[in-house]
>>> print(open('structure-v4.tsv').read())   # TSV, C-alpha atoms
chain	number	residue	atom	x	y	z
A	132	MET	CA	-13.56	-26.62	-4.42
A	133	GLN	CA	-16.13	-26.40	-7.21
A	134	LEU	CA	-17.93	-23.63	-5.34
A	135	GLN	CA	-14.67	-21.73	-4.90
A	136	SER	CA	-13.93	-22.06	-8.60
A	137	SER	CA	-17.40	-20.78	-9.54
A	138	PHE	CA	-17.05	-17.85	-7.15
A	139	LEU	CA	-13.73	-16.82	-8.67
A	140	HIS	CA	-15.05	-17.13	-12.22
A	141	ALA	CA	-17.98	-14.88	-11.26
A	142	ALA	CA	-15.54	-12.35	-9.84
A	143	GLY	CA	-13.64	-12.20	-13.13
A	144	CYS	CA	-10.60	-14.31	-12.16
A	145	ARG	CA	-9.13	-16.87	-14.53
A	146	VAL	CA	-8.89	-20.32	-12.95
A	147	SER	CA	-6.91	-23.32	-14.18
A	148	ASN	CA	-6.18	-26.80	-12.82
A	149	ILE	CA	-2.66	-27.84	-11.86
A	150	SER	CA	-1.11	-31.25	-11.35
A	151	ASP	CA	-1.73	-31.52	-7.61
A	152	SER	CA	-5.48	-30.85	-8.10
A	153	ARG	CA	-5.33	-27.47	-6.38
A	154	LEU	CA	-6.55	-24.35	-8.09
A	155	ALA	CA	-4.14	-21.95	-9.72
A	156	VAL	CA	-5.83	-18.56	-9.68
A	157	HIS	CA	-4.48	-15.88	-11.98
A	158	ARG	CA	-5.37	-12.71	-10.11
A	159	PRO	CA	-3.83	-9.45	-8.97
A	160	ARG	CA	-1.30	-9.53	-6.15
A	161	VAL	CA	-2.83	-10.18	-2.72
A	162	TYR	CA	-1.66	-7.54	-0.27
A	163	PRO	CA	-1.36	-7.88	3.52
A	164	ARG	CA	-4.50	-6.78	5.35
A	165	ARG	CA	-2.77	-3.75	6.89
A	166	HIS	CA	-2.23	-2.31	3.41
A	167	LEU	CA	-5.73	-2.91	2.06
A	168	ARG	CA	-7.31	0.23	3.47
A	169	GLY	CA	-4.88	2.52	1.68
A	170	ILE	CA	-5.10	0.51	-1.53
A	171	ARG	CA	-8.90	0.57	-1.48
A	172	ALA	CA	-9.01	4.30	-0.80
A	173	SER	CA	-6.65	4.92	-3.69
A	174	ARG	CA	-8.64	2.63	-5.98
A	175	GLU	CA	-11.92	4.31	-4.98
A	176	THR	CA	-10.42	7.67	-5.95
A	177	GLU	CA	-9.43	6.23	-9.33
A	178	LEU	CA	-12.90	4.78	-9.90
A	179	LEU	CA	-14.57	8.12	-9.17
A	180	LYS	CA	-12.61	9.61	-12.07
A	181	GLU	CA	-13.65	6.86	-14.50
A	182	PRO	CA	-16.99	6.34	-16.28
A	183	LEU	CA	-18.94	3.69	-14.40
A	184	SER	CA	-18.75	0.44	-16.35
A	185	ASP	CA	-17.78	-3.20	-15.90
A	186	LYS	CA	-14.29	-2.36	-17.19
A	187	SER	CA	-13.77	0.07	-14.29
A	188	PHE	CA	-13.48	-2.83	-11.83
A	189	SER	CA	-10.55	-5.22	-11.71
A	190	PRO	CA	-10.99	-8.84	-10.57
A	191	PHE	CA	-9.49	-7.78	-7.23
A	192	ASP	CA	-12.14	-5.05	-6.88
A	193	ARG	CA	-14.92	-7.52	-7.61
A	194	VAL	CA	-13.68	-10.12	-5.13
A	195	SER	CA	-13.31	-7.40	-2.46
A	196	VAL	CA	-16.85	-6.12	-3.00
A	197	LEU	CA	-18.38	-9.60	-2.97
A	198	SER	CA	-16.43	-10.55	0.16
A	199	GLU	CA	-17.60	-7.46	2.02
A	200	ALA	CA	-21.18	-7.95	0.85
A	201	LEU	CA	-21.34	-11.62	1.87
A	202	PRO	CA	-22.54	-11.07	5.50
A	203	TYR	CA	-25.39	-8.86	4.29
A	204	LEU	CA	-26.36	-11.31	1.55
A	205	GLN	CA	-26.49	-14.07	4.15
A	206	GLN	CA	-28.57	-11.90	6.49
A	207	PHE	CA	-31.19	-11.13	3.84
A	208	ARG	CA	-31.28	-14.52	2.14
A	209	ASN	CA	-34.87	-15.75	1.66
A	210	LYS	CA	-36.19	-12.32	2.68
A	211	THR	CA	-38.51	-10.33	0.42
A	212	ILE	CA	-37.56	-6.76	-0.42
A	213	VAL	CA	-39.60	-4.18	-2.30
A	214	ILE	CA	-37.70	-1.90	-4.65
A	215	LYS	CA	-39.20	1.23	-6.15
A	216	TYR	CA	-37.73	2.15	-9.52
A	217	GLY	CA	-38.43	5.30	-11.48
A	218	GLY	CA	-37.46	8.87	-12.29
A	219	ALA	CA	-34.01	9.74	-13.64
A	220	ALA	CA	-32.74	6.19	-13.05
A	221	MET	CA	-34.98	5.06	-15.93
A	222	LYS	CA	-33.57	7.57	-18.42
A	223	ASP	CA	-29.86	6.71	-18.38
A	224	PRO	CA	-29.28	3.38	-20.23
A	225	MET	CA	-26.08	2.64	-18.29
A	226	LEU	CA	-27.74	3.36	-14.96
A	227	LYS	CA	-30.75	1.25	-15.95
A	228	ALA	CA	-28.48	-1.66	-16.89
A	229	GLY	CA	-26.77	-1.39	-13.50
A	230	VAL	CA	-30.10	-1.48	-11.66
A	231	ILE	CA	-31.21	-4.55	-13.59
A	232	LYS	CA	-27.92	-6.38	-12.96
A	233	ASP	CA	-28.12	-5.65	-9.24
A	234	LEU	CA	-31.73	-6.85	-9.16
A	235	VAL	CA	-30.84	-10.14	-10.84
A	236	LEU	CA	-27.80	-10.55	-8.58
A	237	LEU	CA	-30.05	-10.24	-5.52
A	238	ALA	CA	-32.34	-12.93	-6.90
A	239	CYS	CA	-29.38	-15.21	-7.69
A	240	VAL	CA	-28.02	-15.05	-4.13
A	241	GLY	CA	-31.36	-15.86	-2.52
A	242	VAL	CA	-32.89	-12.45	-1.85
A	243	ARG	CA	-36.46	-12.19	-3.18
A	244	PRO	CA	-36.96	-8.82	-4.90
A	245	VAL	CA	-40.26	-7.23	-5.91
A	246	LEU	CA	-39.96	-4.29	-8.32
A	247	VAL	CA	-42.59	-1.52	-8.25
A	248	HIS	CA	-42.07	1.12	-10.92
A	249	GLY	CA	-43.31	4.40	-12.27
A	250	GLY	CA	-42.31	5.91	-15.58
A	251	GLY	CA	-42.90	9.66	-15.61
A	252	PRO	CA	-40.28	10.52	-18.27
A	253	GLU	CA	-41.66	7.91	-20.68
A	254	ILE	CA	-45.22	9.11	-20.05
A	255	ASN	CA	-44.17	12.68	-20.83
A	256	THR	CA	-42.51	11.54	-24.06
A	257	TRP	CA	-45.65	9.85	-25.30
A	258	LEU	CA	-47.95	12.65	-24.21
A	259	ASP	CA	-45.79	15.01	-26.25
A	260	LYS	CA	-45.92	12.69	-29.27
A	261	LEU	CA	-49.72	12.62	-29.04
A	262	GLY	CA	-50.02	16.37	-28.57
A	263	ILE	CA	-51.36	16.12	-25.01
A	264	LYS	CA	-50.05	18.71	-22.58
A	265	ALA	CA	-48.47	17.33	-19.41
A	266	GLU	CA	-49.75	19.24	-16.39
A	267	PHE	CA	-48.98	18.95	-12.69
A	268	LYS	CA	-50.68	20.33	-9.61
A	269	ASN	CA	-49.16	20.13	-6.12
A	270	GLY	CA	-46.70	17.56	-7.40
A	271	LEU	CA	-49.42	15.31	-8.86
A	272	ARG	CA	-49.96	14.64	-12.55
A	273	VAL	CA	-53.30	16.02	-13.72
A	274	THR	CA	-54.77	12.89	-15.29
A	275	ASP	CA	-57.78	13.41	-17.52
A	276	ALA	CA	-59.29	10.53	-19.51
A	277	ALA	CA	-56.88	10.89	-22.44
A	278	THR	CA	-53.86	11.13	-20.14
A	279	MET	CA	-55.04	8.13	-18.12
A	280	ASP	CA	-55.17	6.06	-21.31
A	281	VAL	CA	-51.56	7.01	-22.07
A	282	VAL	CA	-50.44	6.36	-18.47
A	283	GLU	CA	-51.98	2.88	-18.48
A	284	MET	CA	-50.59	1.97	-21.89
A	285	VAL	CA	-47.09	3.28	-21.19
A	286	LEU	CA	-46.66	1.98	-17.61
A	287	GLY	CA	-48.50	-1.32	-18.03
A	288	GLY	CA	-47.17	-1.91	-21.53
A	289	ARG	CA	-44.00	-0.36	-22.85
A	290	VAL	CA	-42.22	0.35	-19.55
A	291	ASN	CA	-43.33	-2.78	-17.70
A	292	LYS	CA	-42.59	-5.23	-20.48
A	293	GLY	CA	-39.34	-3.46	-21.26
A	294	LEU	CA	-38.16	-4.03	-17.67
A	295	VAL	CA	-39.25	-7.66	-17.79
A	296	THR	CA	-37.26	-8.15	-21.00
A	297	LEU	CA	-34.13	-6.55	-19.52
A	298	ILE	CA	-34.34	-8.72	-16.39
A	299	GLN	CA	-34.66	-11.87	-18.46
A	300	GLN	CA	-31.80	-10.85	-20.75
A	301	ALA	CA	-29.68	-10.45	-17.60
A	302	GLY	CA	-30.48	-14.02	-16.55
A	303	GLY	CA	-33.47	-13.48	-14.23
A	304	GLN	CA	-37.07	-14.65	-14.47
A	305	ALA	CA	-39.67	-11.88	-14.24
A	306	VAL	CA	-43.43	-11.49	-14.59
A	307	GLY	CA	-44.90	-8.13	-15.58
A	308	LEU	CA	-48.01	-6.94	-13.75
A	309	CYS	CA	-49.90	-3.76	-13.05
A	310	GLY	CA	-51.86	-2.90	-9.94
A	311	LYS	CA	-55.10	-3.90	-11.66
A	312	ASP	CA	-54.04	-7.53	-12.02
A	313	SER	CA	-55.62	-9.70	-9.32
A	314	ASN	CA	-56.56	-6.43	-7.56
A	315	ILE	CA	-52.97	-6.06	-6.39
A	316	ILE	CA	-53.49	-2.33	-5.78
A	317	ARG	CA	-56.98	-1.02	-5.04
A	318	ALA	CA	-57.59	2.71	-4.90
A	319	ARG	CA	-60.28	5.36	-4.87
A	320	GLN	CA	-60.25	8.55	-6.86
A	321	MET	CA	-58.93	11.53	-4.92
A	322	VAL	CA	-61.52	14.06	-3.87
A	323	GLU	CA	-59.69	16.84	-5.71
A	324	LYS	CA	-61.68	16.51	-8.93
A	325	ASP	CA	-59.51	18.99	-10.79
A	326	ILE	CA	-56.63	16.47	-10.95
A	327	GLY	CA	-58.65	13.78	-12.70
A	328	PHE	CA	-58.07	10.05	-12.34
A	329	VAL	CA	-55.47	10.10	-9.56
A	330	GLY	CA	-55.95	7.50	-6.85
A	331	ASP	CA	-55.51	7.13	-3.13
A	332	ILE	CA	-54.48	3.53	-2.38
A	333	THR	CA	-56.99	1.78	-0.12
A	334	SER	CA	-55.64	-1.78	0.02
A	335	VAL	CA	-53.12	-4.22	-1.44
A	336	ASN	CA	-53.72	-7.87	-2.34
A	337	LYS	CA	-50.38	-9.61	-1.88
A	338	ASP	CA	-51.44	-13.14	-2.89
A	339	LEU	CA	-50.28	-13.09	-6.52
A	340	ILE	CA	-46.99	-11.39	-5.63
A	341	VAL	CA	-46.24	-13.92	-2.89
A	342	ALA	CA	-47.10	-16.83	-5.20
A	343	LEU	CA	-44.68	-15.54	-7.83
A	344	VAL	CA	-41.92	-14.85	-5.32
A	345	ASN	CA	-42.28	-18.35	-3.87
A	346	GLU	CA	-41.70	-19.74	-7.37
A	347	GLU	CA	-38.54	-17.61	-7.68
A	348	TYR	CA	-39.95	-15.11	-10.16
A	349	ILE	CA	-39.34	-11.37	-9.87
A	350	PRO	CA	-42.71	-9.55	-9.90
A	351	VAL	CA	-42.54	-6.26	-11.81
A	352	VAL	CA	-45.55	-4.12	-10.85
A	353	ALA	CA	-46.61	-0.96	-12.69
A	354	SER	CA	-48.16	1.76	-10.54
A	355	VAL	CA	-51.64	1.69	-12.10
A	356	ALA	CA	-54.52	0.83	-9.77
A	357	ALA	CA	-58.24	0.25	-10.18
A	358	ASP	CA	-61.32	1.39	-8.30
A	359	PRO	CA	-62.86	-1.92	-7.11
A	360	VAL	CA	-66.39	-0.52	-7.48
A	361	THR	CA	-66.28	1.23	-10.86
A	362	GLY	CA	-63.28	-0.55	-12.39
A	363	GLN	CA	-61.85	2.82	-13.39
A	364	ALA	CA	-58.07	2.80	-13.87
A	365	LEU	CA	-56.31	5.24	-11.56
A	366	ASN	CA	-52.85	6.77	-11.64
A	367	VAL	CA	-51.13	6.21	-8.28
A	368	ASN	CA	-47.79	7.44	-6.97
A	369	ALA	CA	-45.16	4.73	-7.42
A	370	ASP	CA	-43.37	5.58	-4.15
A	371	ILE	CA	-46.60	5.23	-2.19
A	372	ALA	CA	-47.50	2.06	-4.09
A	373	ALA	CA	-44.14	0.48	-3.20
A	374	GLY	CA	-44.62	1.42	0.45
A	375	GLU	CA	-48.09	-0.08	0.55
A	376	VAL	CA	-46.92	-3.30	-1.10
A	377	MET	CA	-44.10	-3.51	1.43
A	378	LYS	CA	-46.52	-3.08	4.35
A	379	ALA	CA	-48.79	-5.88	3.16
A	380	PRO	CA	-48.58	-9.09	5.25
A	381	ALA	CA	-45.73	-11.44	4.27
A	382	MET	CA	-43.74	-8.56	2.78
A	383	LEU	CA	-40.55	-7.91	4.71
A	384	LEU	CA	-37.85	-5.29	5.03
A	385	ASP	CA	-37.95	-1.79	3.60
A	386	VAL	CA	-38.38	0.05	0.35
A	387	ALA	CA	-35.18	0.79	-1.57
A	388	THR	CA	-35.44	3.71	-4.00
>>> encode(input="structure-v4.tsv", output="structure tokens")
Amino acid sequence: MQLQSSFLHAAGCRVSNISDSRLAVHRPRVYPRRHLRGIRASRETELLKEPLSDKSFSPFDRVSVLSEALPYLQQFRNKTIVIKYGGAAMKDPMLKAGVIKDLVLLACVGVRPVLVHGGGPEINTWLDKLGIKAEFKNGLRVTDAATMDVVEMVLGGRVNKGLVTLIQQAGGQAVGLCGKDSNIIRARQMVEKDIGFVGDITSVNKDLIVALVNEEYIPVVASVAADPVTGQALNVNADIAAGEVMKAPAMLLDVAT
């Protein structure tokens, strides 16, 4: 009964005790199953017309979504997933808040998320502030020494710690890392010398990530690697980095972008 009460509170329903010790749940009318499909379709149409926010969803909507998601949550409980986060999803504050809430929800229901992120828009902003021209070649950021300094500071600092803070404000526990920490991501500089310090990933050390996940922390990994021989920081593609982390032993499931 306590679990049921907690579930309904989480879904936004108001719960009160009554004299016979059963729960009185103040919620929208419960319709027969045969009517639900039409109601849901109508409600989905309404939601598409509304700005996406917590207020867009009634308690009935929330209970319906959680009920439908339950089999999948049970299936993936205690499994590790790798999530790549970056691009436009980092620019919209509302979208970013939604991503963070979903991430913390996964952790709360027993899924073990690992977040690997880029931060191209933020890098471009700081390059512009410093008067450094952003340049791309064949889809890769041309990364000279000055640009590499900015990439490392922005991804490993401002972006990474900002995500950690948001996760913790949402009720999760996160640890911010970059690929250089504990040699999580090793890489070698690409042979195309005209693109600067851009790396090809050669290996992934999963040990620190697994240790954190086992202690119920959310690892947040910035896509900056290091050459194990020279120690040079290298800019690596966040999508590829997430894929390589996922393929490392003890990492399960797929990459969600």
>>> closest_residue(input="structure-v4.tsv", among="A:Gln320, A:Thr278, A:Thr211, A:Ser198", to="Gln363 (chain A)", atoms="only C-alpha atoms")
A:Gln320
>>> closest_residue(input="structure-v4.tsv", among="A:Ile349, A:Met321, A:Ile340, A:Ala219", to="Val273 (chain A)", atoms="all atoms listed in the file")
A:Met321
>>> closest_residue(input="structure-v4.tsv", among="A:Cys239, A:Val344, A:Val355, A:Leu294", to="Met221 (chain A)", atoms="all atoms listed in the file")
A:Leu294
>>> residues_around(input="structure-v4.tsv", residues="Gly310 (chain A)", least_positions_apart="2", cutoff="7 Å", atoms="all atoms listed in the file", output="compact mmCIF listing (two decimals) with C-alpha atoms, keeping the file's coordinate frame")
# COMPACT_ATOMS: atom_id res chain seq x y z
CA LEU A 308 -48.01 -6.94 -13.75
CA ASP A 312 -54.04 -7.53 -12.02
CA ASN A 314 -56.56 -6.43 -7.56
CA ILE A 315 -52.97 -6.06 -6.39
CA ILE A 316 -53.49 -2.33 -5.78
CA VAL A 352 -45.55 -4.12 -10.85
CA ALA A 353 -46.61 -0.96 -12.69
CA SER A 354 -48.16 1.76 -10.54
CA VAL A 355 -51.64 1.69 -12.10
CA ALA A 356 -54.52 0.83 -9.77
>>> atom_distance(input="structure-v4.tsv", atom1="CA of Asn209 (chain A)", atom2="CA of His248 (chain A)")
22.2 Å
>>> atom_distance(input="structure-v4.tsv", atom1="CA of Ala301 (chain A)", atom2="CA of Ala372 (chain A)")
25.6 Å
>>> closest_residue(input="structure-v4.tsv", among="A:Ile371, A:Leu339, A:Val329, A:Val247", to="Ala276 (chain A)", atoms="only C-alpha atoms")
A:Val329
>>> residues_around(input="structure-v4.tsv", residues="Phe207 (chain A)", least_positions_apart="3", cutoff="12 Å", atoms="only C-alpha atoms", output="number ranges by chain")
A: 200-204, 210-212, 237-238, 240-244, 383-385
>>> residues_near_point(input="structure-v4.tsv", point="(-42.3, 6.1, -16.0)", cutoff="12 Å", atoms="all atoms listed in the file", output="PyMOL selection string")
chain A and resi 215-222+247-258+272+281-291+293-294+352-355+366-370
>>> closest_residue(input="structure-v4.tsv", among="A:Ala277, A:Asp331, A:Thr296, A:Phe267", to="Ile231 (chain A)", atoms="only C-alpha atoms")
A:Thr296
>>> atom_distance(input="structure-v4.tsv", atom1="CA of Leu343 (chain A)", atom2="CA of Asp223 (chain A)")
28.7 Å
>>> closest_residue(input="structure-v4.tsv", among="A:Ile214, A:Met377, A:Cys309, A:Leu365", to="Gly330 (chain A)", atoms="all atoms listed in the file")
A:Leu365
>>> axis_aligned_box(input="structure-v4.tsv", around="region 237-252 of chain A", padding_each_side="8 Å", output="JSON")
{"center_x": -35.7, "center_y": -2.7, "center_z": -10.1, "size_x": 31.3, "size_y": 42.4, "size_z": 32.4}
>>> residues_near_point(input="structure-v4.tsv", point="(-53.2, -1.0, -2.5)", cutoff="6 Å", atoms="all atoms listed in the file", output="PyMOL selection string")
chain A and resi 316-317+332-335
>>> decode(input="structure-v4.tsv", residues="region 252-293 of chain A", atoms="N, CA and C atoms", output="PDB file, in the first residue's frame")
ATOM      1  N   PRO A 252      28.299  23.730 -29.766  1.00  0.00           N
ATOM      2  CA  PRO A 252      27.799  25.108 -29.693  1.00  0.00           C
ATOM      3  C   PRO A 252      28.513  25.943 -28.635  1.00  0.00           C
ATOM      4  N   GLU A 253      28.773  25.352 -27.476  1.00  0.00           N
ATOM      5  CA  GLU A 253      29.463  26.087 -26.409  1.00  0.00           C
ATOM      6  C   GLU A 253      30.915  26.378 -26.799  1.00  0.00           C
ATOM      7  N   ILE A 254      31.551  25.434 -27.468  1.00  0.00           N
ATOM      8  CA  ILE A 254      32.920  25.656 -27.946  1.00  0.00           C
ATOM      9  C   ILE A 254      32.940  26.828 -28.922  1.00  0.00           C
ATOM     10  N   ASN A 255      32.001  26.843 -29.861  1.00  0.00           N
ATOM     11  CA  ASN A 255      31.940  27.928 -30.837  1.00  0.00           C
ATOM     12  C   ASN A 255      31.744  29.282 -30.165  1.00  0.00           C
ATOM     13  N   THR A 256      30.902  29.301 -29.123  1.00  0.00           N
ATOM     14  CA  THR A 256      30.660  30.551 -28.392  1.00  0.00           C
ATOM     15  C   THR A 256      31.941  31.095 -27.785  1.00  0.00           C
ATOM     16  N   TRP A 257      32.726  30.215 -27.171  1.00  0.00           N
ATOM     17  CA  TRP A 257      33.940  30.672 -26.511  1.00  0.00           C
ATOM     18  C   TRP A 257      35.062  30.968 -27.497  1.00  0.00           C
ATOM     19  N   LEU A 258      35.109  30.246 -28.588  1.00  0.00           N
ATOM     20  CA  LEU A 258      36.080  30.606 -29.634  1.00  0.00           C
ATOM     21  C   LEU A 258      35.792  32.003 -30.154  1.00  0.00           C
ATOM     22  N   ASP A 259      34.531  32.306 -30.358  1.00  0.00           N
ATOM     23  CA  ASP A 259      34.142  33.638 -30.838  1.00  0.00           C
ATOM     24  C   ASP A 259      34.515  34.709 -29.822  1.00  0.00           C
ATOM     25  N   LYS A 260      34.279  34.441 -28.542  1.00  0.00           N
ATOM     26  CA  LYS A 260      34.633  35.410 -27.499  1.00  0.00           C
ATOM     27  C   LYS A 260      36.129  35.687 -27.472  1.00  0.00           C
ATOM     28  N   LEU A 261      36.921  34.655 -27.776  1.00  0.00           N
ATOM     29  CA  LEU A 261      38.383  34.795 -27.737  1.00  0.00           C
ATOM     30  C   LEU A 261      38.968  35.213 -29.078  1.00  0.00           C
ATOM     31  N   GLY A 262      38.120  35.428 -30.061  1.00  0.00           N
ATOM     32  CA  GLY A 262      38.595  35.876 -31.367  1.00  0.00           C
ATOM     33  C   GLY A 262      39.291  34.796 -32.167  1.00  0.00           C
ATOM     34  N   ILE A 263      38.939  33.534 -31.927  1.00  0.00           N
ATOM     35  CA  ILE A 263      39.525  32.408 -32.660  1.00  0.00           C
ATOM     36  C   ILE A 263      38.491  31.893 -33.656  1.00  0.00           C
ATOM     37  N   LYS A 264      38.864  31.814 -34.897  1.00  0.00           N
ATOM     38  CA  LYS A 264      37.932  31.400 -35.939  1.00  0.00           C
ATOM     39  C   LYS A 264      37.674  29.894 -35.859  1.00  0.00           C
ATOM     40  N   ALA A 265      36.384  29.532 -35.848  1.00  0.00           N
ATOM     41  CA  ALA A 265      36.005  28.117 -35.883  1.00  0.00           C
ATOM     42  C   ALA A 265      36.048  27.634 -37.329  1.00  0.00           C
ATOM     43  N   GLU A 266      36.757  26.536 -37.552  1.00  0.00           N
ATOM     44  CA  GLU A 266      36.923  26.031 -38.919  1.00  0.00           C
ATOM     45  C   GLU A 266      36.691  24.522 -38.939  1.00  0.00           C
ATOM     46  N   PHE A 267      36.032  24.059 -39.990  1.00  0.00           N
ATOM     47  CA  PHE A 267      35.744  22.635 -40.120  1.00  0.00           C
ATOM     48  C   PHE A 267      36.227  22.135 -41.481  1.00  0.00           C
ATOM     49  N   LYS A 268      36.625  20.866 -41.480  1.00  0.00           N
ATOM     50  CA  LYS A 268      37.068  20.244 -42.721  1.00  0.00           C
ATOM     51  C   LYS A 268      36.551  18.806 -42.743  1.00  0.00           C
ATOM     52  N   ASN A 269      35.771  18.480 -43.760  1.00  0.00           N
ATOM     53  CA  ASN A 269      35.162  17.145 -43.876  1.00  0.00           C
ATOM     54  C   ASN A 269      34.383  16.764 -42.618  1.00  0.00           C
ATOM     55  N   GLY A 270      33.704  17.749 -42.050  1.00  0.00           N
ATOM     56  CA  GLY A 270      32.888  17.504 -40.873  1.00  0.00           C
ATOM     57  C   GLY A 270      33.642  17.471 -39.562  1.00  0.00           C
ATOM     58  N   LEU A 271      34.953  17.662 -39.586  1.00  0.00           N
ATOM     59  CA  LEU A 271      35.773  17.632 -38.373  1.00  0.00           C
ATOM     60  C   LEU A 271      36.241  19.040 -38.023  1.00  0.00           C
ATOM     61  N   ARG A 272      36.256  19.343 -36.730  1.00  0.00           N
ATOM     62  CA  ARG A 272      36.736  20.648 -36.292  1.00  0.00           C
ATOM     63  C   ARG A 272      38.247  20.715 -36.438  1.00  0.00           C
ATOM     64  N   VAL A 273      38.728  21.699 -37.172  1.00  0.00           N
ATOM     65  CA  VAL A 273      40.177  21.941 -37.256  1.00  0.00           C
ATOM     66  C   VAL A 273      40.618  22.445 -35.896  1.00  0.00           C
ATOM     67  N   THR A 274      41.515  21.694 -35.256  1.00  0.00           N
ATOM     68  CA  THR A 274      41.843  21.932 -33.853  1.00  0.00           C
ATOM     69  C   THR A 274      43.330  22.217 -33.698  1.00  0.00           C
ATOM     70  N   ASP A 275      43.688  23.492 -33.837  1.00  0.00           N
ATOM     71  CA  ASP A 275      45.078  23.869 -33.584  1.00  0.00           C
ATOM     72  C   ASP A 275      45.294  23.952 -32.077  1.00  0.00           C
ATOM     73  N   ALA A 276      46.498  24.349 -31.660  1.00  0.00           N
ATOM     74  CA  ALA A 276      46.826  24.337 -30.229  1.00  0.00           C
ATOM     75  C   ALA A 276      45.902  25.242 -29.423  1.00  0.00           C
ATOM     76  N   ALA A 277      45.631  26.446 -29.953  1.00  0.00           N
ATOM     77  CA  ALA A 277      44.766  27.385 -29.229  1.00  0.00           C
ATOM     78  C   ALA A 277      43.336  26.839 -29.136  1.00  0.00           C
ATOM     79  N   THR A 278      42.851  26.262 -30.234  1.00  0.00           N
ATOM     80  CA  THR A 278      41.497  25.698 -30.227  1.00  0.00           C
ATOM     81  C   THR A 278      41.412  24.506 -29.286  1.00  0.00           C
ATOM     82  N   MET A 279      42.481  23.683 -29.254  1.00  0.00           N
ATOM     83  CA  MET A 279      42.468  22.517 -28.368  1.00  0.00           C
ATOM     84  C   MET A 279      42.386  22.951 -26.911  1.00  0.00           C
ATOM     85  N   ASP A 280      43.063  24.034 -26.563  1.00  0.00           N
ATOM     86  CA  ASP A 280      42.975  24.551 -25.198  1.00  0.00           C
ATOM     87  C   ASP A 280      41.532  24.926 -24.847  1.00  0.00           C
ATOM     88  N   VAL A 281      40.855  25.576 -25.789  1.00  0.00           N
ATOM     89  CA  VAL A 281      39.470  25.985 -25.560  1.00  0.00           C
ATOM     90  C   VAL A 281      38.571  24.757 -25.464  1.00  0.00           C
ATOM     91  N   VAL A 282      38.758  23.791 -26.375  1.00  0.00           N
ATOM     92  CA  VAL A 282      37.953  22.567 -26.362  1.00  0.00           C
ATOM     93  C   VAL A 282      38.080  21.859 -25.018  1.00  0.00           C
ATOM     94  N   GLU A 283      39.300  21.711 -24.538  1.00  0.00           N
ATOM     95  CA  GLU A 283      39.511  20.998 -23.276  1.00  0.00           C
ATOM     96  C   GLU A 283      38.904  21.752 -22.101  1.00  0.00           C
ATOM     97  N   MET A 284      39.069  23.074 -22.086  1.00  0.00           N
ATOM     98  CA  MET A 284      38.526  23.862 -20.982  1.00  0.00           C
ATOM     99  C   MET A 284      36.995  23.867 -20.994  1.00  0.00           C
ATOM    100  N   VAL A 285      36.412  24.009 -22.177  1.00  0.00           N
ATOM    101  CA  VAL A 285      34.955  24.107 -22.273  1.00  0.00           C
ATOM    102  C   VAL A 285      34.303  22.749 -22.004  1.00  0.00           C
ATOM    103  N   LEU A 286      34.767  21.692 -22.689  1.00  0.00           N
ATOM    104  CA  LEU A 286      34.142  20.376 -22.515  1.00  0.00           C
ATOM    105  C   LEU A 286      34.412  19.800 -21.130  1.00  0.00           C
ATOM    106  N   GLY A 287      35.682  19.811 -20.719  1.00  0.00           N
ATOM    107  CA  GLY A 287      36.040  19.214 -19.438  1.00  0.00           C
ATOM    108  C   GLY A 287      35.682  20.072 -18.243  1.00  0.00           C
ATOM    109  N   GLY A 288      35.435  21.366 -18.490  1.00  0.00           N
ATOM    110  CA  GLY A 288      35.122  22.278 -17.404  1.00  0.00           C
ATOM    111  C   GLY A 288      33.683  22.734 -17.412  1.00  0.00           C
ATOM    112  N   ARG A 289      33.421  23.784 -18.156  1.00  0.00           N
ATOM    113  CA  ARG A 289      32.110  24.431 -18.109  1.00  0.00           C
ATOM    114  C   ARG A 289      30.962  23.478 -18.455  1.00  0.00           C
ATOM    115  N   VAL A 290      31.058  22.782 -19.580  1.00  0.00           N
ATOM    116  CA  VAL A 290      29.959  21.911 -20.004  1.00  0.00           C
ATOM    117  C   VAL A 290      29.813  20.714 -19.063  1.00  0.00           C
ATOM    118  N   ASN A 291      30.917  20.041 -18.787  1.00  0.00           N
ATOM    119  CA  ASN A 291      30.882  18.837 -17.958  1.00  0.00           C
ATOM    120  C   ASN A 291      30.353  19.125 -16.561  1.00  0.00           C
ATOM    121  N   LYS A 292      30.905  20.130 -15.922  1.00  0.00           N
ATOM    122  CA  LYS A 292      30.485  20.424 -14.548  1.00  0.00           C
ATOM    123  C   LYS A 292      29.079  21.012 -14.519  1.00  0.00           C
ATOM    124  N   GLY A 293      28.690  21.698 -15.601  1.00  0.00           N
ATOM    125  CA  GLY A 293      27.324  22.183 -15.670  1.00  0.00           C
ATOM    126  C   GLY A 293      26.324  21.044 -15.714  1.00  0.00           C
TER     127      GLY A 293
END
